[in-house]
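Enquirer: As input, take coords-v1.cif (mmCIF, C-alpha atoms):
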```cif
data_coords
loop_
_atom_site.label_atom_id
_atom_site.label_comp_id
_atom_site.auth_asym_id
_atom_site.auth_seq_id
_atom_site.Cartn_x
_atom_site.Cartn_y
_atom_site.Cartn_z
CA MET A 204 4.76 79.99 18.53
CA ARG A 205 3.55 78.83 21.88
CA SER A 206 6.50 76.56 22.44
CA LYS A 207 8.72 79.61 22.74
CA SER A 208 7.06 80.51 25.98
CA PHE A 209 7.95 77.09 27.31
CA VAL A 210 11.64 77.58 27.00
CA LEU A 211 12.14 79.76 29.99
CA ILE A 212 13.57 79.75 33.39
CA VAL A 213 13.16 76.38 35.06
CA ALA A 214 15.81 74.60 33.09
CA VAL A 215 17.90 71.96 34.68
CA LEU A 216 20.09 72.01 31.65
CA LEU A 217 19.85 72.60 27.96
CA SER A 218 21.69 70.96 25.14
CA PHE A 219 25.34 71.23 25.96
CA SER A 220 26.16 68.98 23.08
CA GLY A 221 28.90 66.65 24.13
CA VAL A 222 29.71 68.47 27.33
CA GLN A 223 28.95 66.43 30.39
CA MET A 224 27.77 68.62 33.18
CA VAL A 225 26.83 68.16 36.77
CA SER A 226 24.57 70.20 38.94
CA ALA A 227 25.86 71.45 42.23
CA HIS A 228 24.58 68.19 43.58
CA HIS A 229 24.89 65.29 41.17
CA SER A 230 25.73 64.33 37.63
CA PHE A 231 23.03 64.68 35.01
CA ALA A 232 24.64 62.10 32.76
CA ALA A 233 21.51 59.97 33.13
CA PHE A 234 19.57 62.53 31.08
CA ASP A 235 19.82 62.85 27.32
CA THR A 236 20.49 66.54 26.93
CA THR A 237 20.42 66.29 23.16
CA ARG A 238 16.70 65.50 23.23
CA GLN A 239 13.73 67.49 24.43
CA VAL A 240 10.29 66.00 24.87
CA THR A 241 7.03 67.86 25.43
CA LEU A 242 4.48 66.10 27.62
CA THR A 243 0.98 67.09 28.69
CA GLY A 244 -0.48 65.45 31.76
CA THR A 245 -1.97 65.73 35.21
CA VAL A 246 0.06 66.40 38.32
CA ARG A 247 0.08 63.48 40.73
CA GLU A 248 2.62 64.85 43.20
CA PHE A 249 5.01 67.76 43.58
CA GLN A 250 7.89 67.28 46.02
CA TRP A 251 9.29 70.62 47.19
CA THR A 252 12.46 69.12 48.56
CA ASN A 253 16.24 69.33 48.61
CA PRO A 254 18.48 68.56 46.90
CA HIS A 255 15.96 68.55 44.05
CA CYS A 256 12.28 69.12 43.57
CA TRP A 257 10.35 66.34 41.83
CA LEU A 258 7.25 66.55 39.71
CA HIS A 259 5.23 63.39 39.13
CA ILE A 260 2.69 63.56 36.33
CA ASP A 261 0.33 61.10 34.68
CA VAL A 262 0.53 61.23 30.90
CA THR A 263 -1.91 59.39 28.66
CA ASN A 264 -0.04 57.98 25.69
CA PRO A 265 -1.49 57.59 22.17
CA ASP A 266 -2.57 54.05 23.07
CA GLY A 267 -4.69 55.36 25.90
CA GLN A 268 -2.42 54.01 28.59
CA VAL A 269 -1.43 56.21 31.52
CA GLU A 270 2.32 56.63 31.94
CA GLN A 271 3.63 57.88 35.27
CA TRP A 272 6.50 60.29 34.63
CA GLN A 273 8.91 61.43 37.36
CA LEU A 274 10.73 64.66 36.54
CA GLU A 275 13.65 66.12 38.42
CA ALA A 276 13.86 69.88 38.86
CA LEU A 277 16.10 72.34 40.62
CA SER A 278 16.24 72.86 44.36
CA PRO A 279 13.77 74.98 46.35
CA ASN A 280 16.37 77.66 46.99
CA VAL A 281 16.73 78.20 43.24
CA LEU A 282 13.09 77.73 42.24
CA GLY A 283 11.97 79.96 45.10
CA ARG A 284 14.12 82.76 43.77
CA LEU A 285 12.52 82.21 40.39
CA GLY A 286 9.16 82.98 41.88
CA TRP A 287 8.00 79.44 42.65
CA LYS A 288 6.12 78.57 45.81
CA LYS A 289 5.76 75.13 47.30
CA ASN A 290 2.16 75.13 46.07
CA SER A 291 2.85 76.49 42.60
CA VAL A 292 1.95 73.05 41.29
CA LYS A 293 -0.77 70.96 42.92
CA PRO A 294 -2.11 67.45 42.41
CA GLY A 295 -4.79 67.48 39.73
CA ASP A 296 -3.33 70.44 37.83
CA LYS A 297 -3.12 70.02 34.07
CA VAL A 298 0.38 70.95 32.90
CA THR A 299 2.59 70.83 29.86
CA VAL A 300 6.26 70.21 30.48
CA LEU A 301 9.42 70.25 28.42
CA VAL A 302 11.99 67.70 29.58
CA ASN A 303 15.30 66.12 28.78
CA PRO A 304 14.32 62.43 28.95
CA THR A 305 16.42 59.80 30.68
CA ARG A 306 18.78 57.86 28.44
CA ASP A 307 17.28 54.54 29.47
CA GLY A 308 13.98 55.25 27.74
CA GLY A 309 12.04 55.20 30.99
CA HIS A 310 9.41 57.66 32.07
CA GLY A 311 11.81 60.06 33.71
CA GLY A 312 13.57 63.26 32.84
CA ALA A 313 15.00 66.60 33.83
CA LEU A 314 12.40 69.35 33.93
CA ILE A 315 13.20 72.28 31.67
CA SER A 316 10.00 74.31 31.78
CA ILE A 317 6.35 74.02 32.68
CA THR A 318 3.13 75.79 31.74
CA ASP A 319 -0.39 75.47 33.11
CA ALA A 320 -3.54 74.50 31.21
CA THR A 321 -3.96 78.05 29.90
CA GLY A 322 -0.42 78.14 28.53
CA LYS A 323 0.82 80.40 31.30
CA LYS A 324 4.32 79.78 32.53
CA ILE A 325 4.53 78.51 36.10
CA GLY A 326 7.14 80.21 38.23
CA GLY A 327 9.77 82.47 36.85
CA ARG A 328 9.93 86.21 36.62
CA GLU A 329 8.67 88.35 33.79
CA MET B 46 48.96 78.22 29.77
CA THR B 47 49.74 74.56 29.73
CA THR B 48 46.73 72.32 29.90
CA SER B 49 46.22 68.61 29.88
CA GLY B 50 44.44 66.79 27.06
CA PRO B 51 41.02 66.39 28.66
CA ILE B 52 41.08 69.95 29.85
CA LYS B 53 41.91 71.15 26.35
CA ILE B 54 38.98 69.19 25.01
CA LEU B 55 36.71 70.78 27.55
CA ILE B 56 37.97 74.24 26.70
CA SER B 57 37.21 73.66 23.06
CA MET B 58 33.78 72.28 23.89
CA ILE B 59 32.93 75.21 26.06
CA ALA B 60 34.28 77.64 23.49
CA ALA B 61 32.02 76.02 20.92
CA LEU B 62 28.92 76.85 22.90
CA GLY B 63 26.90 79.60 21.33
CA THR B 64 26.30 82.94 22.90
CA GLY B 65 23.71 82.62 25.56
CA ALA B 66 23.81 78.87 25.61
CA ALA B 67 25.51 78.45 28.89
CA LEU B 68 26.15 80.25 32.07
CA ALA B 69 28.71 78.76 34.34
CA ALA B 70 28.15 79.04 38.02
CA ASP B 71 30.89 81.55 38.50
CA GLY B 72 30.90 83.61 35.35
CA PRO B 73 29.28 84.56 32.09
CA PRO B 74 29.26 82.27 29.08
CA PRO B 75 32.58 82.18 27.22
CA GLY B 76 32.24 84.26 24.11
CA GLY B 77 29.09 85.87 25.40
CA PRO B 78 28.44 89.55 25.73
CA PRO B 79 30.51 91.42 28.27
CA MET B 80 28.82 91.85 31.59
CA VAL B 81 27.79 95.33 32.58
CA VAL B 82 27.31 95.40 36.29
CA LYS B 83 24.72 97.69 37.76
CA HIS B 84 26.51 98.50 40.93
CA GLY B 85 24.60 98.89 44.13
CA PRO B 86 25.57 99.67 47.67
CA GLY B 87 27.91 97.50 49.67
CA PRO B 88 27.42 96.42 53.27
CA SER B 89 26.66 99.22 55.68
CA PRO B 90 28.57 100.56 57.46
CA ALA B 91 31.47 100.17 55.06
CA ARG B 92 33.88 99.64 57.94
CA LEU B 93 33.65 97.99 61.30
CA PRO B 94 34.59 99.76 64.55
CA ASP B 95 38.09 98.28 64.29
CA GLY B 96 38.53 99.99 60.94
CA ARG B 97 38.46 96.82 58.84
CA PRO B 98 36.22 96.51 55.78
CA ASN B 99 32.77 95.20 56.62
CA TRP B 100 31.71 92.32 54.37
CA THR B 101 28.88 90.99 56.51
CA GLY B 102 25.97 89.92 54.34
CA PHE B 103 24.99 87.70 51.43
CA TRP B 104 27.12 87.52 48.30
CA VAL B 105 26.54 85.54 45.10
CA PRO B 106 28.87 84.71 42.22
CA LEU B 107 28.82 87.68 39.88
CA GLY B 108 26.73 86.76 36.86
CA GLY B 109 26.22 83.25 38.21
CA LEU B 110 23.18 81.11 38.80
CA MET B 111 21.54 83.41 41.31
CA GLU B 112 21.90 86.40 39.02
CA ALA B 113 21.05 84.84 35.69
CA TYR B 114 17.41 84.86 36.58
CA ARG B 115 17.28 88.26 38.14
CA GLY B 116 17.94 90.43 35.16
CA PRO B 117 17.82 94.14 35.82
CA SER B 118 18.46 93.89 39.53
CA GLY B 119 21.74 92.15 38.97
CA VAL B 120 23.81 92.00 35.89
CA GLU B 121 23.14 93.19 32.37
CA GLY B 122 24.50 91.41 29.38
CA VAL B 123 23.90 87.98 30.82
CA PRO B 124 21.22 86.09 28.93
CA GLY B 125 18.05 85.15 30.77
CA GLY B 126 19.21 82.23 32.72
CA ILE B 127 19.04 78.71 31.52
CA ALA B 128 22.01 76.59 32.44
CA VAL B 129 22.83 75.90 36.02
CA ASN B 130 25.44 73.27 35.69
CA ILE B 131 29.08 73.08 36.43
CA PRO B 132 31.52 71.14 34.30
CA HIS B 133 33.24 68.18 35.89
CA ALA B 134 36.62 69.62 34.98
CA ASP B 135 37.61 73.23 35.23
CA PRO B 136 39.39 74.64 32.17
CA THR B 137 41.52 76.84 34.38
CA ALA B 138 43.18 73.82 35.98
CA PRO B 139 46.88 73.45 35.24
CA GLU B 140 48.38 70.30 33.80
CA MET B 141 48.15 67.36 36.14
CA LYS B 142 50.75 64.79 37.05
CA SER B 143 50.39 61.04 36.75
CA PRO B 144 48.39 59.15 37.86
CA HIS B 145 45.88 61.96 38.46
CA LYS B 146 46.02 63.07 34.83
CA GLU B 147 45.07 59.64 33.52
CA GLU B 148 42.43 59.20 36.20
CA LEU B 149 40.73 62.45 35.23
CA ALA B 150 40.78 61.48 31.55
CA ARG B 151 39.23 58.10 32.39
CA LEU B 152 36.44 59.69 34.43
CA LEU B 153 35.66 62.35 31.83
CA ALA B 154 35.50 59.71 29.12
CA ALA B 155 33.11 57.63 31.19
CA SER B 156 30.93 60.66 31.81
CA ALA B 157 30.92 61.47 28.11
CA ARG B 158 29.58 57.98 27.48
CA GLY B 159 26.68 58.78 29.79
CA GLU B 160 27.93 56.75 32.73
CA GLY B 161 27.09 57.96 36.19
CA LEU B 162 30.18 58.76 38.23
CA ALA B 163 30.80 58.17 41.90
CA SER B 164 30.57 61.45 43.74
CA LYS B 165 30.71 62.30 47.40
CA GLU B 166 28.85 65.53 46.74
CA ALA B 167 25.95 63.51 45.38
CA LEU B 168 25.97 61.64 48.69
CA CYS B 169 25.62 65.02 50.39
CA TYR B 170 29.12 65.33 51.76
CA PRO B 171 30.24 68.96 51.91
CA PRO B 172 32.07 70.37 48.88
CA GLY B 173 35.17 71.23 50.91
CA MET B 174 38.03 73.54 50.12
CA PRO B 175 38.77 75.08 47.77
CA LYS B 176 35.81 73.96 45.68
CA MET B 177 33.26 75.45 48.08
CA MET B 178 34.48 78.94 47.19
CA THR B 179 32.57 78.58 43.93
CA MET B 180 29.62 79.36 46.25
CA VAL B 181 27.17 78.40 43.55
CA TYR B 182 24.09 79.30 45.59
CA GLY B 183 25.71 82.18 47.38
CA MET B 184 27.76 82.89 50.47
CA GLU B 185 26.97 84.47 53.80
CA ILE B 186 29.78 86.30 55.53
CA LEU B 187 29.63 87.01 59.25
CA GLN B 188 32.50 88.97 60.63
CA THR B 189 33.99 89.68 64.01
CA PRO B 190 37.49 90.92 64.79
CA LYS B 191 38.59 87.40 65.72
CA ILE B 192 36.56 85.18 63.40
CA ILE B 193 35.34 85.59 59.84
CA ALA B 194 32.77 82.93 58.97
CA LEU B 195 31.98 82.10 55.35
CA THR B 196 28.96 79.86 54.86
CA SER B 197 27.97 78.40 51.52
CA GLU B 198 24.27 77.94 50.96
CA TRP B 199 25.20 74.68 49.24
CA ASP B 200 24.95 72.11 52.03
CA ALA B 201 25.36 74.89 54.59
CA ALA B 202 29.08 74.25 54.31
CA SER B 203 30.83 76.65 56.61
CA ARG B 204 34.41 77.64 57.15
CA ARG B 205 35.92 79.94 59.71
CA VAL B 206 38.96 82.09 59.25
CA TRP B 207 40.74 82.52 62.56
CA MET B 208 42.07 86.08 62.74
CA ASP B 209 43.67 85.85 66.16
CA VAL B 210 45.75 82.74 65.42
CA LYS B 211 49.21 83.21 64.02
CA ALA B 212 50.09 79.66 62.95
CA HIS B 213 48.48 76.37 62.00
CA PRO B 214 48.72 73.49 64.47
CA PRO B 215 51.85 71.37 64.09
CA GLU B 216 51.42 68.90 61.24
CA GLU B 217 51.42 65.91 63.57
CA GLU B 218 48.51 67.43 65.47
CA LEU B 219 46.58 68.82 62.53
CA GLU B 220 43.31 67.00 61.96
CA ASP B 221 42.32 66.98 58.31
CA THR B 222 38.80 68.30 57.65
CA TYR B 223 36.68 69.19 54.65
CA VAL B 224 37.37 72.92 54.93
CA GLY B 225 40.81 72.69 56.48
CA ASP B 226 42.40 75.03 58.99
CA SER B 227 42.25 78.67 57.90
CA ILE B 228 44.15 81.52 59.50
CA GLY B 229 43.92 85.07 58.26
CA HIS B 230 45.38 88.51 58.58
CA TRP B 231 44.77 91.89 57.02
CA GLU B 232 47.20 93.53 54.63
CA LYS B 233 45.61 96.98 54.48
CA ASP B 234 42.11 96.19 53.16
CA THR B 235 42.98 92.77 51.77
CA LEU B 236 42.17 89.66 53.78
CA VAL B 237 44.92 87.09 53.33
CA VAL B 238 43.91 83.56 54.28
CA ASP B 239 46.15 80.52 54.50
CA THR B 240 44.51 77.09 54.56
CA VAL B 241 46.00 73.65 55.15
CA GLY B 242 44.71 70.40 56.58
CA VAL B 243 42.13 69.51 53.90
CA ARG B 244 41.12 65.86 53.67
CA SER B 245 42.70 64.08 50.73
CA ASP B 246 39.31 62.76 49.58
CA VAL B 247 37.89 66.23 48.99
CA SER B 248 37.96 66.27 45.21
CA TYR B 249 39.17 69.39 43.46
CA PHE B 250 36.62 68.74 40.71
CA TYR B 251 32.83 68.74 40.74
CA GLY B 252 31.13 65.42 40.75
CA LEU B 253 34.30 63.37 40.55
CA SER B 254 35.79 61.24 43.27
CA MET B 255 39.51 61.91 43.02
CA ASP B 256 41.88 61.83 45.95
CA HIS B 257 44.75 64.25 46.04
CA GLY B 258 47.88 65.17 47.91
CA LYS B 259 48.54 67.84 50.47
CA THR B 260 46.40 70.91 49.90
CA HIS B 261 47.67 74.41 50.52
CA VAL B 262 45.36 77.31 49.63
CA ILE B 263 46.30 80.97 49.77
CA GLU B 264 43.56 83.54 49.25
CA ARG B 265 43.72 87.26 48.85
CA ILE B 266 40.21 88.66 49.28
CA HIS B 267 39.44 92.29 48.66
CA GLN B 268 36.77 94.66 47.39
CA THR B 269 37.02 96.20 43.95
CA ALA B 270 33.79 98.14 44.46
CA PRO B 271 31.45 98.53 47.44
CA ASP B 272 29.34 95.62 46.17
CA ILE B 273 32.07 93.49 44.59
CA LEU B 274 34.34 91.08 46.46
CA VAL B 275 37.16 89.25 44.72
CA ASP B 276 38.91 86.13 45.98
CA GLU B 277 42.23 85.52 44.24
CA LEU B 278 42.77 81.92 45.20
CA THR B 279 45.94 79.90 44.72
CA LEU B 280 45.80 76.15 45.17
CA ILE B 281 49.14 74.44 45.65
CA ASP B 282 49.32 70.65 45.48
CA ASP B 283 52.63 69.48 44.10
CA ASP B 284 51.47 65.87 44.05
CA VAL B 285 48.68 66.66 41.58
CA PHE B 286 49.55 69.74 39.53
CA VAL B 287 52.72 70.84 37.75
CA LYS B 288 52.19 74.38 39.00
CA PRO B 289 49.84 76.25 41.34
CA TRP B 290 46.22 76.56 40.24
CA VAL B 291 45.25 80.22 40.34
CA LYS B 292 41.56 81.02 40.28
CA THR B 293 39.61 84.22 40.74
CA TYR B 294 36.13 84.22 42.20
CA THR B 295 34.05 87.38 42.02
CA TYR B 296 31.06 87.87 44.27
CA HIS B 297 28.27 90.43 44.15
CA TYR B 298 26.69 91.81 47.32
CA ARG B 299 22.95 91.11 47.29
CA PRO B 300 21.15 92.72 50.24
CA ASP B 301 17.85 91.65 48.64
CA LEU B 302 18.69 87.98 49.22
CA HIS B 303 19.53 85.97 52.31
CA ILE B 304 20.97 82.55 52.90
CA GLN B 305 18.44 79.72 52.82
CA GLU B 306 18.39 76.21 54.21
CA TYR B 307 19.66 73.47 51.91
CA VAL B 308 19.64 70.01 53.43
CA CYS B 309 20.81 67.65 50.74
CA LEU B 310 19.93 64.53 52.72
CA ASP B 311 16.26 65.48 52.79
CA ASN B 312 15.16 63.72 49.59
CA ASN B 313 18.34 62.47 47.92
CA ARG B 314 16.40 59.83 46.05
CA ASN B 315 18.17 59.14 42.80
CA VAL B 316 21.78 58.35 43.58
CA ASP B 317 23.22 54.96 44.48
CA SER B 318 25.52 54.13 47.39
CA GLU B 319 28.52 55.52 45.49
CA GLY B 320 26.79 58.74 44.57
CA LYS B 321 26.17 57.75 40.98
CA ALA B 322 23.00 59.21 39.53
CA LYS B 323 20.52 56.49 38.67
#
```
Rewrite the structure from the file as structure tokens, please.

Expert:
Amino acid sequence: MRSKSFVLIVAVLLSFSGVQMVSAHHSFAAFDTTRQVTLTGTVREFQWTNPHCWLHIDVTNPDGQVEQWQLEALSPNVLGRLGWKKNSVKPGDKVTVLVNPTRDGGHGGALISITDATGKKIGGRE
Amino acid sequence: MTTSGPIKILISMIAALGTGAALAADGPPPGGPPMVVKHGPGPSPARLPDGRPNWTGFWVPLGGLMEAYRGPSGVEGVPGGIAVNIPHADPTAPEMKSPHKEELARLLAASARGEGLASKEALCYPPGMPKMMTMVYGMEILQTPKIIALTSEWDAASRRVWMDVKAHPPEEELEDTYVGDSIGHWEKDTLVVDTVGVRSDVSYFYGLSMDHGKTHVIERIHQTAPDILVDELTLIDDDVFVKPWVKTYTYHYRPDLHIQEYVCLDNNRNVDSEGKAK
């Protein structure tokens, strides 16, 4: 099952049912860690920044409207040690992401994993 | 061990996590497989010209975040890394006194409801002592006979242990800081560090703004293997806890890594003025 390959490495957090966690930097209470959403879209911007990297993608919903999603990831010092580079993701790239969505129902979330258009995992170590 | 209500709840929650579900920043998942450490070399030379152990280099929490992803080069028996988070409350904390006990319960309940909590760390203030010794992203040690500097990659928080100072400044002169005033001495190959003078607004818990009383930290740091450093840390705060909080941090020497820059203020875009995530 292809989705298995998604569930690797870049997780911000995964399903600690009922346990509220924080990253080294800030609380992740804003994210619903009991839910995971898979999105396919086009990269608009990738911010390789502390204290967190951010991935902005455009996702076309079933109604044909483009939703702009902003996804929070780990910090460069962690992602870099996972094999990421600052240009691992570039504007225009087609990607599929797994996220914990925000609780408010907006177009935001915590990035769990990401694959490119061919299904290859981005970043991480084999 | 006596534990307060919220802490007990957290212990039970953490215990309920399945094998491989979680990896705390400073240890393997509770109930998970035992760690089998592939030992490597320690710092070279093993001793400095003055005969003291040489710990200069980069160390990471054994089996923690920086090792979960590294697999064979680090620790066996730790599942391929997923979780990177740290619980607000630490299950090793002793029972707290009022009003701190009730305040912690109130904050944990709010967090459980999904509310963002005020946090100075989220505003990029340094973690402070003793919390910084979690060293979630790793720790660089630089050592001279007179000063031992321990720098956390998290916020580049740095503390210095003064080896040529025999006493802390008089209390009326002591200026409270995030890391406090640390003086050290060697007892054979164990570094004993005494720290006072920590600001009362340096929370003992991650992501929670909780003031405390007068902090006194005693650490006994020693090697258990060439590549393993253990900090047996005792936190004494009679205003907050009914007894000293004893914690053990274990670090793994990683010559293949080096400390990196981490400037939290760079793009701290999703917290409000109180440090609540938004």

Enquirer: Of the residues A:Glu275, A:Asp261, A:Asp319, A:Asp296, which is the one nearest to chain B, using all atoms listed in the file?

Expert: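 Between A:Glu275, A:Asp261, A:Asp319, A:Asp296, the residue approaching chain B most closely is A:Glu275.
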
Enquirer: From the set B:Met208, B:Leu107, B:Leu253, B:Val308, which residue has the shortest atom-to-atom contact distance to Val275 of chain B, counting all atoms listed in the file?

Expert: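 Closest to Val275 of chain B of all the choices is B:Leu107.
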
Enquirer: Name the residues that the PyMOL selection byres ((chain B and resi 287) around 6) picks from the file above, as a list of chain:residue names, using the file's chain letters and numbers.

Expert: B:Glu140, B:Met141, B:Phe286, B:Lys288

Enquirer: Considering only C-alpha atoms, state which residue in the set B:Asp311, B:Glu198, B:Asp221, B:Asp317 is at the smallest distance from chain A.

Expert: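 When distances to chain A are compared using only C-alpha atoms, the smallest one comes from B:Asp311.
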
Enquirer: May I ask which of the residues A:Gln271, A:Asn280, A:Thr236, A:Thr305 is the closest one to chain B, counting all atoms listed in the file?

Expert: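 The closest residue to chain B is A:Asn280.
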
Enquirer: Could you spell out the hits of the PyMOL selection byres ((chain B and resi 176-190) around 9) on the shown file, as a PyMOL selection string?

Expert: (chain A and resi 227+280-281) or (chain B and resi 70-71+93+95+97+99-106+109-111+171-175+191-199+202-203+208-209+224+247-251+276+294+296+303-304)

Enquirer: With C-alpha atoms kept, could you save the residues just selected as a short mmCIF file (atom, residue, chain, number, x, y, z; two decimals), keeping the file's coordinate frame?

Expert:
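Saved as part.cif:
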```cif
data_model
loop_
_atom_site.label_atom_id
_atom_site.label_comp_id
_atom_site.auth_asym_id
_atom_site.auth_seq_id
_atom_site.Cartn_x
_atom_site.Cartn_y
_atom_site.Cartn_z
CA ALA A 227 25.86 71.45 42.23
CA ASN A 280 16.37 77.66 46.99
CA VAL A 281 16.73 78.20 43.24
CA ALA B 70 28.15 79.04 38.02
CA ASP B 71 30.89 81.55 38.50
CA LEU B 93 33.65 97.99 61.30
CA ASP B 95 38.09 98.28 64.29
CA ARG B 97 38.46 96.82 58.84
CA ASN B 99 32.77 95.20 56.62
CA TRP B 100 31.71 92.32 54.37
CA THR B 101 28.88 90.99 56.51
CA GLY B 102 25.97 89.92 54.34
CA PHE B 103 24.99 87.70 51.43
CA TRP B 104 27.12 87.52 48.30
CA VAL B 105 26.54 85.54 45.10
CA PRO B 106 28.87 84.71 42.22
CA GLY B 109 26.22 83.25 38.21
CA LEU B 110 23.18 81.11 38.80
CA MET B 111 21.54 83.41 41.31
CA PRO B 171 30.24 68.96 51.91
CA PRO B 172 32.07 70.37 48.88
CA GLY B 173 35.17 71.23 50.91
CA MET B 174 38.03 73.54 50.12
CA PRO B 175 38.77 75.08 47.77
CA LYS B 191 38.59 87.40 65.72
CA ILE B 192 36.56 85.18 63.40
CA ILE B 193 35.34 85.59 59.84
CA ALA B 194 32.77 82.93 58.97
CA LEU B 195 31.98 82.10 55.35
CA THR B 196 28.96 79.86 54.86
CA SER B 197 27.97 78.40 51.52
CA GLU B 198 24.27 77.94 50.96
CA TRP B 199 25.20 74.68 49.24
CA ALA B 202 29.08 74.25 54.31
CA SER B 203 30.83 76.65 56.61
CA MET B 208 42.07 86.08 62.74
CA ASP B 209 43.67 85.85 66.16
CA VAL B 224 37.37 72.92 54.93
CA VAL B 247 37.89 66.23 48.99
CA SER B 248 37.96 66.27 45.21
CA TYR B 249 39.17 69.39 43.46
CA PHE B 250 36.62 68.74 40.71
CA TYR B 251 32.83 68.74 40.74
CA ASP B 276 38.91 86.13 45.98
CA TYR B 294 36.13 84.22 42.20
CA TYR B 296 31.06 87.87 44.27
CA HIS B 303 19.53 85.97 52.31
CA ILE B 304 20.97 82.55 52.90
#
```

Enquirer: What is the atom CA of Ala201 of chain B-atom CA of Cys169 of chain B distance in Å, reported with one decimal?

Expert: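 Straight-line distance from atom CA of Ala201 of chain B to atom CA of Cys169 of chain B works out to 10.7 Å.
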
Enquirer: Please fill the gaps in segment 249-266 of chain A so it has N, CA and C atoms, and write that as an mmCIF file, in the coordinates of the input.

Expert:
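Writing done, so here's part_5.cif:
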```
data_model
loop_
_atom_site.group_PDB
_atom_site.id
_atom_site.type_symbol
_atom_site.label_atom_id
_atom_site.label_comp_id
_atom_site.auth_asym_id
_atom_site.auth_seq_id
_atom_site.Cartn_x
_atom_site.Cartn_y
_atom_site.Cartn_z
ATOM 1 N N PHE A 249 3.897 66.831 43.734
ATOM 2 C CA PHE A 249 5.010 67.760 43.580
ATOM 3 C C PHE A 249 5.793 67.763 44.884
ATOM 4 N N GLN A 250 7.051 67.342 44.826
ATOM 5 C CA GLN A 250 7.890 67.280 46.020
ATOM 6 C C GLN A 250 8.786 68.519 46.073
ATOM 7 N N TRP A 251 8.512 69.379 47.010
ATOM 8 C CA TRP A 251 9.290 70.620 47.190
ATOM 9 C C TRP A 251 10.409 70.310 48.167
ATOM 10 N N THR A 252 11.452 69.675 47.675
ATOM 11 C CA THR A 252 12.460 69.120 48.560
ATOM 12 C C THR A 252 13.875 69.366 48.041
ATOM 13 N N ASN A 253 14.822 69.359 48.972
ATOM 14 C CA ASN A 253 16.240 69.330 48.610
ATOM 15 C C ASN A 253 16.702 67.892 48.486
ATOM 16 N N PRO A 254 17.710 67.607 47.709
ATOM 17 C CA PRO A 254 18.480 68.560 46.900
ATOM 18 C C PRO A 254 17.803 68.902 45.571
ATOM 19 N N HIS A 255 16.680 68.252 45.289
ATOM 20 C CA HIS A 255 15.960 68.550 44.050
ATOM 21 C C HIS A 255 14.470 68.445 44.285
ATOM 22 N N CYS A 256 13.724 69.279 43.593
ATOM 23 C CA CYS A 256 12.280 69.120 43.570
ATOM 24 C C CYS A 256 11.927 68.061 42.528
ATOM 25 N N TRP A 257 10.811 67.387 42.757
ATOM 26 C CA TRP A 257 10.350 66.340 41.830
ATOM 27 C C TRP A 257 8.897 66.563 41.480
ATOM 28 N N LEU A 258 8.613 66.435 40.206
ATOM 29 C CA LEU A 258 7.250 66.550 39.710
ATOM 30 C C LEU A 258 6.835 65.204 39.128
ATOM 31 N N HIS A 259 5.761 64.654 39.660
ATOM 32 C CA HIS A 259 5.230 63.390 39.130
ATOM 33 C C HIS A 259 3.948 63.720 38.362
ATOM 34 N N ILE A 260 3.900 63.294 37.115
ATOM 35 C CA ILE A 260 2.690 63.560 36.330
ATOM 36 C C ILE A 260 2.221 62.278 35.635
ATOM 37 N N ASP A 261 0.923 62.202 35.445
ATOM 38 C CA ASP A 261 0.330 61.100 34.680
ATOM 39 C C ASP A 261 0.090 61.594 33.252
ATOM 40 N N VAL A 262 0.647 60.855 32.312
ATOM 41 C CA VAL A 262 0.530 61.230 30.900
ATOM 42 C C VAL A 262 -0.155 60.090 30.148
ATOM 43 N N THR A 263 -1.207 60.411 29.448
ATOM 44 C CA THR A 263 -1.910 59.390 28.660
ATOM 45 C C THR A 263 -1.253 59.304 27.289
ATOM 46 N N ASN A 264 -0.734 58.131 26.979
ATOM 47 C CA ASN A 264 -0.040 57.980 25.690
ATOM 48 C C ASN A 264 -1.037 57.740 24.563
ATOM 49 N N PRO A 265 -0.568 57.736 23.314
ATOM 50 C CA PRO A 265 -1.490 57.590 22.170
ATOM 51 C C PRO A 265 -2.309 56.303 22.220
ATOM 52 N N ASP A 266 -1.815 55.304 22.958
ATOM 53 C CA ASP A 266 -2.570 54.050 23.070
ATOM 54 C C ASP A 266 -3.624 54.096 24.180
#
```
